[in-house]
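Asker: The structure file start-v3.pdb (PDB, C-alpha atoms) is provided below.
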```pdb
ATOM      1  CA  MET A   1     113.452 298.815 142.385
ATOM      2  CA  HIS A   2     110.551 299.435 144.834
ATOM      3  CA  ALA A   3     107.029 298.239 144.632
ATOM      4  CA  ASN A   4     104.488 299.826 142.316
ATOM      5  CA  THR A   5     103.037 301.819 145.148
ATOM      6  CA  ASP A   6     106.081 304.005 145.370
ATOM      7  CA  SER A   7     106.012 304.734 141.641
ATOM      8  CA  GLU A   8     109.625 305.500 141.511
ATOM      9  CA  VAL A   9     111.100 306.193 138.105
ATOM     10  CA  THR A  10     114.802 305.938 137.589
ATOM     11  CA  SER A  11     116.487 307.153 134.513
ATOM     12  CA  LEU A  12     120.089 306.243 133.767
ATOM     13  CA  ALA A  13     122.323 307.527 131.106
ATOM     14  CA  PRO A  14     123.368 305.000 128.393
ATOM     15  CA  SER A  15     126.664 303.373 128.942
ATOM     16  CA  SER A  16     129.444 303.773 126.489
ATOM     17  CA  PRO A  17     132.373 301.529 125.844
ATOM     18  CA  THR A  18     134.667 304.368 126.486
ATOM     19  CA  ARG A  19     135.289 305.673 129.917
ATOM     20  CA  SER A  20     133.560 309.012 130.244
ATOM     21  CA  PRO A  21     132.523 310.902 133.288
ATOM     22  CA  ARG A  22     129.119 310.023 134.646
ATOM     23  CA  ARG A  23     126.471 312.630 134.417
ATOM     24  CA  PRO A  24     124.288 313.447 137.436
ATOM     25  CA  VAL A  25     121.081 311.566 137.736
ATOM     26  CA  TYR A  26     117.843 313.247 138.813
ATOM     27  CA  TYR A  27     115.021 311.480 140.588
ATOM     28  CA  VAL A  28     111.371 312.518 140.905
ATOM     29  CA  GLN A  29     109.320 310.872 143.612
ATOM     30  CA  SER A  30     105.561 311.327 143.773
ATOM     31  CA  PRO A  31     103.644 311.347 147.081
ATOM     32  CA  SER A  32     102.819 307.990 148.546
ATOM     33  CA  ARG A  33      99.388 306.504 148.269
ATOM     34  CA  ASP A  34      99.084 306.343 152.036
ATOM     35  CA  SER A  35      98.886 310.143 152.336
ATOM     36  CA  HIS A  36      96.488 310.885 149.506
ATOM     37  CA  ASP A  37      95.159 308.058 147.373
ATOM     38  CA  GLY A  38      92.938 310.389 145.485
ATOM     39  CA  GLU A  39      95.854 312.453 144.266
ATOM     40  CA  LYS A  40      97.991 309.442 143.105
ATOM     41  CA  THR A  41      96.585 309.129 139.640
ATOM     42  CA  ALA A  42      96.824 312.813 138.785
ATOM     43  CA  THR A  43     100.313 313.068 140.209
ATOM     44  CA  SER A  44     101.672 309.895 138.640
ATOM     45  CA  LEU A  45     100.363 310.974 135.266
ATOM     46  CA  HIS A  46     102.412 314.149 135.457
ATOM     47  CA  SER A  47     105.449 312.534 137.055
ATOM     48  CA  THR A  48     108.150 312.180 134.390
ATOM     49  CA  PRO A  49     111.847 311.578 134.770
ATOM     50  CA  VAL A  50     113.968 314.650 134.655
ATOM     51  CA  LEU A  51     117.203 313.803 132.870
ATOM     52  CA  SER A  52     120.242 315.708 132.250
ATOM     53  CA  PRO A  53     120.189 318.595 129.816
ATOM     54  CA  MET A  54     121.195 316.245 127.046
ATOM     55  CA  GLY A  55     118.268 313.856 127.692
ATOM     56  CA  SER A  56     115.504 316.153 128.809
ATOM     57  CA  PRO A  57     111.968 315.555 127.486
ATOM     58  CA  PRO A  58     110.158 318.001 125.257
ATOM     59  CA  HIS A  59     109.224 321.420 126.544
ATOM     60  CA  SER A  60     105.572 320.663 126.908
ATOM     61  CA  HIS A  61     106.172 317.666 129.117
ATOM     62  CA  SER A  62     108.635 319.531 131.330
ATOM     63  CA  SER A  63     106.228 322.431 131.818
ATOM     64  CA  ILE A  64     103.483 320.026 132.761
ATOM     65  CA  GLY A  65     105.815 318.351 135.224
ATOM     66  CA  ARG A  66     106.811 321.625 136.838
ATOM     67  CA  HIS A  67     103.184 322.691 137.185
ATOM     68  CA  SER A  68     102.319 319.335 138.692
ATOM     69  CA  ARG A  69     105.172 319.530 141.188
ATOM     70  CA  GLU A  70     104.272 323.053 142.241
ATOM     71  CA  SER A  71     100.609 322.200 142.700
ATOM     72  CA  SER A  72     101.467 318.996 144.556
ATOM     73  CA  SER A  73     103.885 320.749 146.874
ATOM     74  CA  SER A  74     101.382 323.525 147.591
ATOM     75  CA  ARG A  75      98.597 321.052 148.282
ATOM     76  CA  PHE A  76     100.499 318.736 150.542
ATOM     77  CA  SER A  77     102.962 321.063 152.211
ATOM     78  CA  GLY A  78     100.661 321.400 155.200
ATOM     79  CA  SER A  79     100.061 317.670 155.515
ATOM     80  CA  LEU A  80     103.728 316.738 155.243
ATOM     81  CA  LYS A  81     104.669 318.923 158.190
ATOM     82  CA  PRO A  82     104.724 317.149 161.514
ATOM     83  CA  GLY A  83     101.863 317.992 163.882
ATOM     84  CA  SER A  84      99.716 319.513 161.164
ATOM     85  CA  ARG A  85      96.162 318.397 160.364
ATOM     86  CA  LYS A  86      94.045 318.403 157.280
ATOM     87  CA  ILE A  87      91.921 321.570 156.964
ATOM     88  CA  SER A  88      89.155 321.737 154.432
ATOM     89  CA  PRO A  89      88.239 324.976 152.671
ATOM     90  CA  ASN A  90      84.828 324.909 154.332
ATOM     91  CA  ASP A  91      86.409 324.847 157.796
ATOM     92  CA  GLY A  92      88.432 327.912 156.987
ATOM     93  CA  SER A  93      85.442 329.820 155.696
ATOM     94  CA  ARG A  94      83.336 328.848 158.738
ATOM     95  CA  GLY A  95      86.092 329.910 161.119
ATOM     96  CA  ALA A  96      86.466 333.205 159.314
ATOM     97  CA  GLN A  97      82.695 333.671 159.372
ATOM     98  CA  ARG A  98      82.498 332.959 163.118
ATOM     99  CA  LYS A  99      85.395 335.265 163.776
ATOM    100  CA  GLY A 100      83.730 337.953 161.710
ATOM    101  CA  GLN A 101      80.435 337.502 163.571
ATOM    102  CA  LYS A 102      82.210 337.718 166.913
ATOM    103  CA  GLN A 103      84.015 340.864 165.881
ATOM    104  CA  TRP A 104      80.731 342.325 164.564
ATOM    105  CA  LYS A 105      78.973 341.581 167.875
ATOM    106  CA  GLU A 106      81.796 343.168 169.837
ATOM    107  CA  CYS A 107      81.673 346.213 167.598
ATOM    108  CA  ALA A 108      77.879 346.390 167.984
ATOM    109  CA  VAL A 109      78.153 346.249 171.800
ATOM    110  CA  ILE A 110      80.851 348.902 171.820
ATOM    111  CA  GLU A 111      78.805 351.075 169.474
ATOM    112  CA  GLU A 112      75.669 350.643 171.601
ATOM    113  CA  GLU A 113      77.575 351.551 174.770
ATOM    114  CA  GLY A 114      78.945 354.583 173.007
ATOM    115  CA  LEU A 115      75.469 355.636 171.937
ATOM    116  CA  LEU A 116      74.157 355.208 175.489
ATOM    117  CA  GLU A 117      77.025 357.250 176.867
ATOM    118  CA  ASN A 118      76.376 359.938 174.284
ATOM    119  CA  GLU A 119      72.672 359.956 175.135
ATOM    120  CA  GLU A 120      73.422 360.244 178.850
ATOM    121  CA  ARG A 121      75.828 363.060 178.157
ATOM    122  CA  GLU A 122      73.272 364.804 176.013
ATOM    123  CA  LYS A 123      70.506 364.330 178.577
ATOM    124  CA  GLY A 124      72.648 365.325 181.528
ATOM    125  CA  ILE A 125      69.902 364.539 184.092
ATOM    126  CA  PRO A 126      68.150 361.130 184.411
ATOM    127  CA  ARG A 127      64.433 360.874 183.756
ATOM    128  CA  ARG A 128      63.602 360.073 187.380
ATOM    129  CA  CYS A 129      65.173 363.374 188.389
ATOM    130  CA  TYR A 130      62.839 365.127 185.962
ATOM    131  CA  PHE A 131      59.890 363.260 187.496
ATOM    132  CA  LEU A 132      60.884 364.209 191.047
ATOM    133  CA  ALA A 133      61.415 367.802 189.962
ATOM    134  CA  PHE A 134      57.961 367.827 188.352
ATOM    135  CA  VAL A 135      56.275 366.444 191.497
ATOM    136  CA  LEU A 136      58.137 368.863 193.748
ATOM    137  CA  GLY A 137      57.342 371.783 191.470
ATOM    138  CA  PHE A 138      53.680 370.793 191.366
ATOM    139  CA  PHE A 139      53.437 370.717 195.156
ATOM    140  CA  VAL A 140      55.242 374.034 195.458
ATOM    141  CA  LEU A 141      52.944 375.689 192.925
ATOM    142  CA  PHE A 142      49.847 374.128 194.485
ATOM    143  CA  THR A 143      50.904 375.316 197.951
ATOM    144  CA  MET A 144      51.547 378.817 196.685
ATOM    145  CA  PHE A 145      48.173 378.849 194.933
ATOM    146  CA  SER A 146      46.433 377.655 198.114
ATOM    147  CA  LEU A 147      48.158 380.323 200.189
ATOM    148  CA  ILE A 148      47.124 382.967 197.695
ATOM    149  CA  LEU A 149      43.508 381.838 197.877
ATOM    150  CA  TRP A 150      43.633 381.701 201.664
ATOM    151  CA  GLY A 151      45.128 385.175 201.845
ATOM    152  CA  ALA A 152      42.550 386.530 199.412
ATOM    153  CA  SER A 153      39.649 385.035 201.363
ATOM    154  CA  LYS A 154      40.647 386.188 204.853
ATOM    155  CA  PRO A 155      39.659 389.864 204.422
ATOM    156  CA  GLN A 156      36.246 388.851 203.072
ATOM    157  CA  LYS A 157      34.710 388.279 206.482
ATOM    158  CA  PRO A 158      30.959 387.808 206.864
ATOM    159  CA  LYS A 159      28.932 390.681 208.282
ATOM    160  CA  ILE A 160      26.407 390.073 211.045
ATOM    161  CA  THR A 161      23.856 392.622 212.124
ATOM    162  CA  MET A 162      21.623 392.078 215.161
ATOM    163  CA  LYS A 163      18.159 393.435 214.526
ATOM    164  CA  SER A 164      15.867 392.823 217.457
ATOM    165  CA  ILE A 165      14.648 390.622 220.277
ATOM    166  CA  THR A 166      10.979 390.044 221.023
ATOM    167  CA  PHE A 167       9.689 388.710 224.356
ATOM    168  CA  GLU A 168       6.507 386.732 223.943
ATOM    169  CA  HIS A 169       6.422 385.394 227.499
ATOM    170  CA  PHE A 170       8.268 386.485 230.627
ATOM    171  CA  THR A 171       7.127 385.372 234.111
ATOM    172  CA  ILE A 172       8.698 384.951 237.557
ATOM    173  CA  GLN A 173       6.919 382.703 240.073
ATOM    174  CA  ALA A 174       7.727 381.052 243.338
ATOM    175  CA  GLY A 175       8.542 377.375 243.152
ATOM    176  CA  SER A 176      11.177 374.774 244.025
ATOM    177  CA  ASP A 177      14.039 373.151 242.152
ATOM    178  CA  SER A 178      14.545 369.430 241.496
ATOM    179  CA  THR A 179      15.944 368.900 245.014
ATOM    180  CA  GLY A 180      12.941 370.530 246.675
ATOM    181  CA  VAL A 181      14.635 373.831 247.577
ATOM    182  CA  ALA A 182      12.177 376.750 247.503
ATOM    183  CA  THR A 183      13.199 379.534 245.072
ATOM    184  CA  ASP A 184      11.855 381.866 242.426
ATOM    185  CA  MET A 185      11.419 380.262 238.999
ATOM    186  CA  ILE A 186      11.586 382.161 235.694
ATOM    187  CA  THR A 187      10.097 381.208 232.328
ATOM    188  CA  VAL A 188      11.105 383.044 229.142
ATOM    189  CA  ASN A 189      10.001 382.745 225.522
ATOM    190  CA  SER A 190      11.670 385.126 223.062
ATOM    191  CA  THR A 191      12.864 385.442 219.459
ATOM    192  CA  VAL A 192      16.147 386.952 218.319
ATOM    193  CA  LYS A 193      16.530 388.201 214.756
ATOM    194  CA  MET A 194      19.697 389.040 212.862
ATOM    195  CA  ILE A 195      20.958 389.493 209.302
ATOM    196  CA  TYR A 196      23.829 387.365 208.024
ATOM    197  CA  ARG A 197      25.693 388.535 204.910
ATOM    198  CA  ASN A 198      28.450 386.652 203.098
ATOM    199  CA  THR A 199      30.879 389.121 201.498
ATOM    200  CA  GLY A 200      32.982 386.435 199.794
ATOM    201  CA  THR A 201      33.288 386.962 196.044
ATOM    202  CA  PHE A 202      34.380 383.437 195.119
ATOM    203  CA  PHE A 203      33.323 381.146 197.977
ATOM    204  CA  GLY A 204      30.307 380.177 200.032
ATOM    205  CA  VAL A 205      30.241 379.558 203.794
ATOM    206  CA  HIS A 206      28.730 377.056 206.212
ATOM    207  CA  VAL A 207      27.333 378.778 209.302
ATOM    208  CA  THR A 208      26.815 377.443 212.827
ATOM    209  CA  SER A 209      26.914 378.976 216.286
ATOM    210  CA  THR A 210      27.392 378.296 219.954
ATOM    211  CA  PRO A 211      24.266 378.280 222.152
ATOM    212  CA  VAL A 212      22.538 381.661 222.228
ATOM    213  CA  ASP A 213      22.313 382.460 225.947
ATOM    214  CA  LEU A 214      20.197 385.034 227.682
ATOM    215  CA  THR A 215      21.528 385.702 231.202
ATOM    216  CA  PHE A 216      20.366 387.556 234.288
ATOM    217  CA  SER A 217      22.877 388.232 237.055
ATOM    218  CA  GLU A 218      25.257 385.683 235.473
ATOM    219  CA  ILE A 219      22.523 383.056 235.501
ATOM    220  CA  THR A 220      21.413 381.662 232.153
ATOM    221  CA  ILE A 221      17.663 382.096 232.152
ATOM    222  CA  ALA A 222      17.041 381.132 228.501
ATOM    223  CA  SER A 223      18.962 379.523 225.660
ATOM    224  CA  GLY A 224      18.601 378.811 221.962
ATOM    225  CA  SER A 225      20.580 377.485 218.981
ATOM    226  CA  LEU A 226      21.221 378.587 215.453
ATOM    227  CA  LYS A 227      20.264 376.049 212.796
ATOM    228  CA  LYS A 228      23.164 375.260 210.486
ATOM    229  CA  PHE A 229      22.866 376.743 207.003
ATOM    230  CA  TYR A 230      24.908 377.450 203.881
ATOM    231  CA  GLN A 231      25.299 380.933 202.512
ATOM    232  CA  SER A 232      26.421 381.385 198.919
ATOM    233  CA  ARG A 233      28.856 384.085 197.807
ATOM    234  CA  LYS A 234      27.752 387.718 197.796
ATOM    235  CA  SER A 235      24.401 386.998 199.423
ATOM    236  CA  GLN A 236      22.585 387.501 202.733
ATOM    237  CA  ARG A 237      19.635 386.223 204.735
ATOM    238  CA  SER A 238      17.556 387.051 207.799
ATOM    239  CA  VAL A 239      17.903 384.537 210.631
ATOM    240  CA  ALA A 240      15.504 384.018 213.538
ATOM    241  CA  ILE A 241      16.630 382.208 216.713
ATOM    242  CA  SER A 242      14.227 381.012 219.374
ATOM    243  CA  VAL A 243      15.558 381.668 222.897
ATOM    244  CA  MET A 244      13.420 380.136 225.629
ATOM    245  CA  SER A 245      13.349 378.404 229.011
ATOM    246  CA  ASN A 246      10.915 376.818 231.456
ATOM    247  CA  LYS A 247      11.091 377.313 235.234
ATOM    248  CA  ILE A 248      14.741 378.095 235.708
ATOM    249  CA  PRO A 249      15.585 378.545 239.442
ATOM    250  CA  LEU A 250      16.985 381.975 240.355
ATOM    251  CA  TYR A 251      18.162 381.087 243.913
ATOM    252  CA  GLY A 252      17.520 384.466 245.452
ATOM    253  CA  SER A 253      18.649 386.594 242.533
ATOM    254  CA  GLY A 254      15.106 387.405 241.465
ATOM    255  CA  ALA A 255      13.669 388.187 244.893
ATOM    256  CA  SER A 256      13.110 391.787 243.937
ATOM    257  CA  LEU A 257      11.405 390.809 240.695
ATOM    258  CA  SER A 258       8.887 388.318 242.020
ATOM    259  CA  SER A 259       5.242 389.178 242.415
ATOM    260  CA  SER A 260       2.035 387.421 243.225
ATOM    261  CA  THR A 261       0.819 387.727 239.666
ATOM    262  CA  GLY A 262       4.067 386.368 238.188
ATOM    263  CA  THR A 263       4.800 389.513 236.232
ATOM    264  CA  THR A 264       7.354 392.085 237.229
ATOM    265  CA  THR A 265       6.782 395.789 237.004
ATOM    266  CA  LEU A 266      10.480 396.678 237.213
ATOM    267  CA  PRO A 267      12.874 396.686 234.236
ATOM    268  CA  VAL A 268      15.023 393.557 234.097
ATOM    269  CA  PRO A 269      18.600 393.973 232.760
ATOM    270  CA  LEU A 270      19.618 391.043 230.594
ATOM    271  CA  LYS A 271      22.536 390.009 228.401
ATOM    272  CA  LEU A 272      22.534 388.133 225.160
ATOM    273  CA  ASN A 273      25.777 386.451 224.001
ATOM    274  CA  PHE A 274      26.865 383.807 221.512
ATOM    275  CA  VAL A 275      29.511 383.114 218.841
ATOM    276  CA  VAL A 276      28.733 382.746 215.138
ATOM    277  CA  ARG A 277      31.089 380.356 213.355
ATOM    278  CA  SER A 278      31.536 380.461 209.594
ATOM    279  CA  ARG A 279      33.683 378.145 207.504
ATOM    280  CA  ALA A 280      34.438 378.599 203.804
ATOM    281  CA  TYR A 281      35.481 375.861 201.363
ATOM    282  CA  VAL A 282      37.584 377.773 198.848
ATOM    283  CA  LEU A 283      39.448 374.799 197.295
ATOM    284  CA  GLY A 284      37.512 371.778 198.435
ATOM    285  CA  LYS A 285      38.653 370.752 201.888
ATOM    286  CA  LEU A 286      42.231 371.916 201.347
ATOM    287  CA  VAL A 287      41.646 375.665 201.808
ATOM    288  CA  LYS A 288      39.099 376.235 204.597
ATOM    289  CA  PRO A 289      39.281 379.703 206.110
ATOM    290  CA  LYS A 290      37.333 380.151 209.345
ATOM    291  CA  PHE A 291      35.499 383.245 210.560
ATOM    292  CA  ASN A 292      34.357 383.445 214.187
ATOM    293  CA  LYS A 293      32.493 386.417 215.589
ATOM    294  CA  ARG A 294      31.468 386.862 219.206
ATOM    295  CA  ILE A 295      28.317 388.886 219.746
ATOM    296  CA  GLU A 296      27.243 390.441 223.052
ATOM    297  CA  CYS A 297      24.084 392.511 223.461
ATOM    298  CA  ASP A 298      22.627 394.384 226.447
ATOM    299  CA  VAL A 299      18.891 393.934 226.666
ATOM    300  CA  THR A 300      16.379 395.471 229.080
ATOM    301  CA  PHE A 301      13.076 393.754 229.509
ATOM    302  CA  ASP A 302      10.087 396.029 230.094
ATOM    303  CA  LEU A 303       6.587 394.732 230.686
ATOM    304  CA  LYS A 304       5.276 397.493 228.466
ATOM    305  CA  LYS A 305       7.277 396.060 225.555
ATOM    306  CA  LEU A 306       5.936 392.534 225.774
ATOM    307  CA  ASN A 307       5.437 391.148 222.250
ATOM    308  CA  VAL A 308       7.135 394.245 220.854
ATOM    309  CA  PRO A 309      10.497 393.944 219.030
ATOM    310  CA  ILE A 310      13.278 395.604 220.997
ATOM    311  CA  SER A 311      15.993 397.001 218.747
ATOM    312  CA  LEU A 312      19.514 395.646 219.208
ATOM    313  CA  LYS A 313      21.329 397.745 216.589
ATOM    314  CA  LYS A 314      22.965 400.058 219.114
ATOM    315  CA  SER A 315      23.280 397.688 222.060
ATOM    316  CA  CYS A 316      25.496 394.942 220.583
ATOM    317  CA  THR A 317      29.247 394.523 220.233
ATOM    318  CA  TYR A 318      30.963 392.321 217.625
ATOM    319  CA  ASN A 319      34.389 390.821 218.296
TER     320      ASN A 319
END
```
Output the structure of this file as structure tokens.
Answerer:
Amino acid sequence: MHANTDSEVTSLAPSSPTRSPRRPVYYVQSPSRDSHDGEKTATSLHSTPVLSPMGSPPHSHSSIGRHSRESSSSRFSGSLKPGSRKISPNDGSRGAQRKGQKQWKECAVIEEEGLLENEEREKGIPRRCYFLAFVLGFFVLFTMFSLILWGASKPQKPKITMKSITFEHFTIQAGSDSTGVATDMITVNSTVKMIYRNTGTFFGVHVTSTPVDLTFSEITIASGSLKKFYQSRKSQRSVAISVMSNKIPLYGSGASLSSSTGTTTLPVPLKLNFVVRSRAYVLGKLVKPKFNKRIECDVTFDLKKLNVPISLKKSCTYN
């Protein structure tokens, strides 16, 4: 017999005086206390000897014993195997939960990637391509619009009409230049009038000019300048330019014109020339059409017409 810890129960058949064959003996051994102390009491309570068919216990006790053995074997089958470890129900549920979370995350990532791929397929073109296309299209349209405005403004050139020139003072006297060379000196005071008209229907113009020169025998004997002004669309104005000089040396060119009184009795052929420059601001400073017009007029000074306007309508050319 073993110690009480082993809880071994041995059942032997009763001996008889006569010689009869021995019946098989069945043993039931409960799990040791070393493996599971907590299960000893419940197991030992249900552990009953299983005898031969002739000496078996009542049905209720045998059913309880079978149920106990099946539950004990199912509980401790994992622990009795070598290399196995005790796993609690909570550990199994946590592992399953972690595994489920991992699988859910993987599925979420795969689903998100699929959605992104579907969105890219549906879009076809990235957003930055749309932005670049918009910028390029804007510049193309803006350039075309500017060219249209420039082309529409070019035919609308300003019109300039020379009206008259009036000589208030015209004298030729003997004198000397700044170096002391003796020569005839001329002094002129005159006024040139013209009409400037802006024909532009949707833009105004800023007007300037080159110096207004009055020449005799290719010598500039008087000069003036046009004051800068702004002319609004579909409007006009009359402009007066003072052309004057003081003691300009002629160096022999005016020998035939000089007199003791300083006035000449002969007609003096003169030329008036300058360039009128107009600039329009159609679209700010982006579309700025320019209009330049060169004006040349033949003028004849006559002493009889001093302080009298001399018409220039038929004696001027516009280029």
Asker: May I have the residues within 6 Å of Gly200 (chain A) as a list in words, using only C-alpha atoms and disregarding those fewer than 3 positions away in the same chain?
Answerer: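 My reading of the contact set: Gln156, Phe203, Arg233 and Lys234 of chain A.
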Asker: Once you have the residues from the selection above, write them out as a CSV table (one decimal), keeping the file's coordinate frame, restricted to C-alpha atoms.
Answerer:
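Output saved as selection.csv:
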```csv
chain,number,residue,atom,x,y,z
A,156,GLN,CA,36.2,388.9,203.1
A,203,PHE,CA,33.3,381.1,198.0
A,233,ARG,CA,28.9,384.1,197.8
A,234,LYS,CA,27.8,387.7,197.8
```
Asker: Applying the PyMOL selection byres ((chain A and resi 319) around 8) to the file I just gave you, which residues come out? Please list them as a PDB file with C-alpha atoms, in the coordinates of the input.
Answerer:
```pdb
ATOM      1  CA  LYS A 293      32.493 386.417 215.589  1.00  0.00           C
ATOM      2  CA  ARG A 294      31.468 386.862 219.206  1.00  0.00           C
ATOM      3  CA  ILE A 295      28.317 388.886 219.746  1.00  0.00           C
ATOM      4  CA  THR A 317      29.247 394.523 220.233  1.00  0.00           C
ATOM      5  CA  TYR A 318      30.963 392.321 217.625  1.00  0.00           C
TER       6      TYR A 318
END
```
Asker: Since I can't run it myself right now, could you work out what the PyMOL selection byres ((chain A and resi 174-186) around 6) selects here and report it as number ranges by chain?
Answerer: A: 171-173, 187, 247-251
Asker: Please, could you write that set of residues out with C-alpha atoms as a short mmCIF file (atom, residue, chain, number, x, y, z; two decimals), keeping the file's coordinate frame?
Answerer:
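What ended up in part_9.cif:
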```
data_model
loop_
_atom_site.label_atom_id
_atom_site.label_comp_id
_atom_site.auth_asym_id
_atom_site.auth_seq_id
_atom_site.Cartn_x
_atom_site.Cartn_y
_atom_site.Cartn_z
CA THR A 171 7.13 385.37 234.11
CA ILE A 172 8.70 384.95 237.56
CA GLN A 173 6.92 382.70 240.07
CA THR A 187 10.10 381.21 232.33
CA LYS A 247 11.09 377.31 235.23
CA ILE A 248 14.74 378.10 235.71
CA PRO A 249 15.58 378.54 239.44
CA LEU A 250 16.98 381.98 240.36
CA TYR A 251 18.16 381.09 243.91
#
```
Asker: Could you pull the residues within 7 Å of region 158-169 of chain A, counting all atoms listed in the file, minus those fewer than 6 positions along the same chain, as a ChimeraX atom specification?
Answerer: /A:188-199,306-313
Asker: Just how far from CA of Ala222 (chain A) is CA of Asp302 (chain A), in Å to one decimal?
Answerer: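 Result for CA of Asp302 (chain A) versus CA of Ala222 (chain A): 16.5 Å, one decimal.
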Asker: Applied to the shown file, which residues does the PyMOL selection byres ((chain A and resi 154) around 12) return, written as a short mmCIF file (atom, residue, chain, number, x, y, z; two decimals) with C-alpha atoms, keeping the file's coordinate frame?
Answerer:
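As a result, part.cif now contains:
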```cif
data_model
loop_
_atom_site.label_atom_id
_atom_site.label_comp_id
_atom_site.auth_asym_id
_atom_site.auth_seq_id
_atom_site.Cartn_x
_atom_site.Cartn_y
_atom_site.Cartn_z
CA LEU A 147 48.16 380.32 200.19
CA ILE A 148 47.12 382.97 197.70
CA LEU A 149 43.51 381.84 197.88
CA TRP A 150 43.63 381.70 201.66
CA GLY A 151 45.13 385.18 201.84
CA ALA A 152 42.55 386.53 199.41
CA SER A 153 39.65 385.04 201.36
CA PRO A 155 39.66 389.86 204.42
CA GLN A 156 36.25 388.85 203.07
CA LYS A 157 34.71 388.28 206.48
CA PRO A 158 30.96 387.81 206.86
CA THR A 199 30.88 389.12 201.50
CA GLY A 200 32.98 386.44 199.79
CA THR A 201 33.29 386.96 196.04
CA PHE A 202 34.38 383.44 195.12
CA PHE A 203 33.32 381.15 197.98
CA SER A 278 31.54 380.46 209.59
CA ARG A 279 33.68 378.14 207.50
CA ALA A 280 34.44 378.60 203.80
CA VAL A 282 37.58 377.77 198.85
CA VAL A 287 41.65 375.66 201.81
CA LYS A 288 39.10 376.24 204.60
CA PRO A 289 39.28 379.70 206.11
CA LYS A 290 37.33 380.15 209.34
CA PHE A 291 35.50 383.24 210.56
CA ASN A 292 34.36 383.44 214.19
#
```
Asker: Neighbours of Phe229 (chain A) within 8 Å (all atoms listed in the file; same-chain residues fewer than 4 positions away dropped), as an NGL selection string?
Answerer: :A and (206-208)
Asker: In Å, rounded to a single decimal, give me how far CA of Asp298 (chain A) is from CA of Pro269 (chain A).
Answerer: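 Going from CA of Pro269 (chain A) over to CA of Asp298 (chain A), I get 7.5 Å.
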Asker: Go ahead and compute the interatomic distance for CA of Cys297 (chain A) and CA of Phe216 (chain A), in Å to one decimal.
Answerer: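 Taking CA of Cys297 (chain A) as the start and CA of Phe216 (chain A) as the end point, the length is 12.5 Å.
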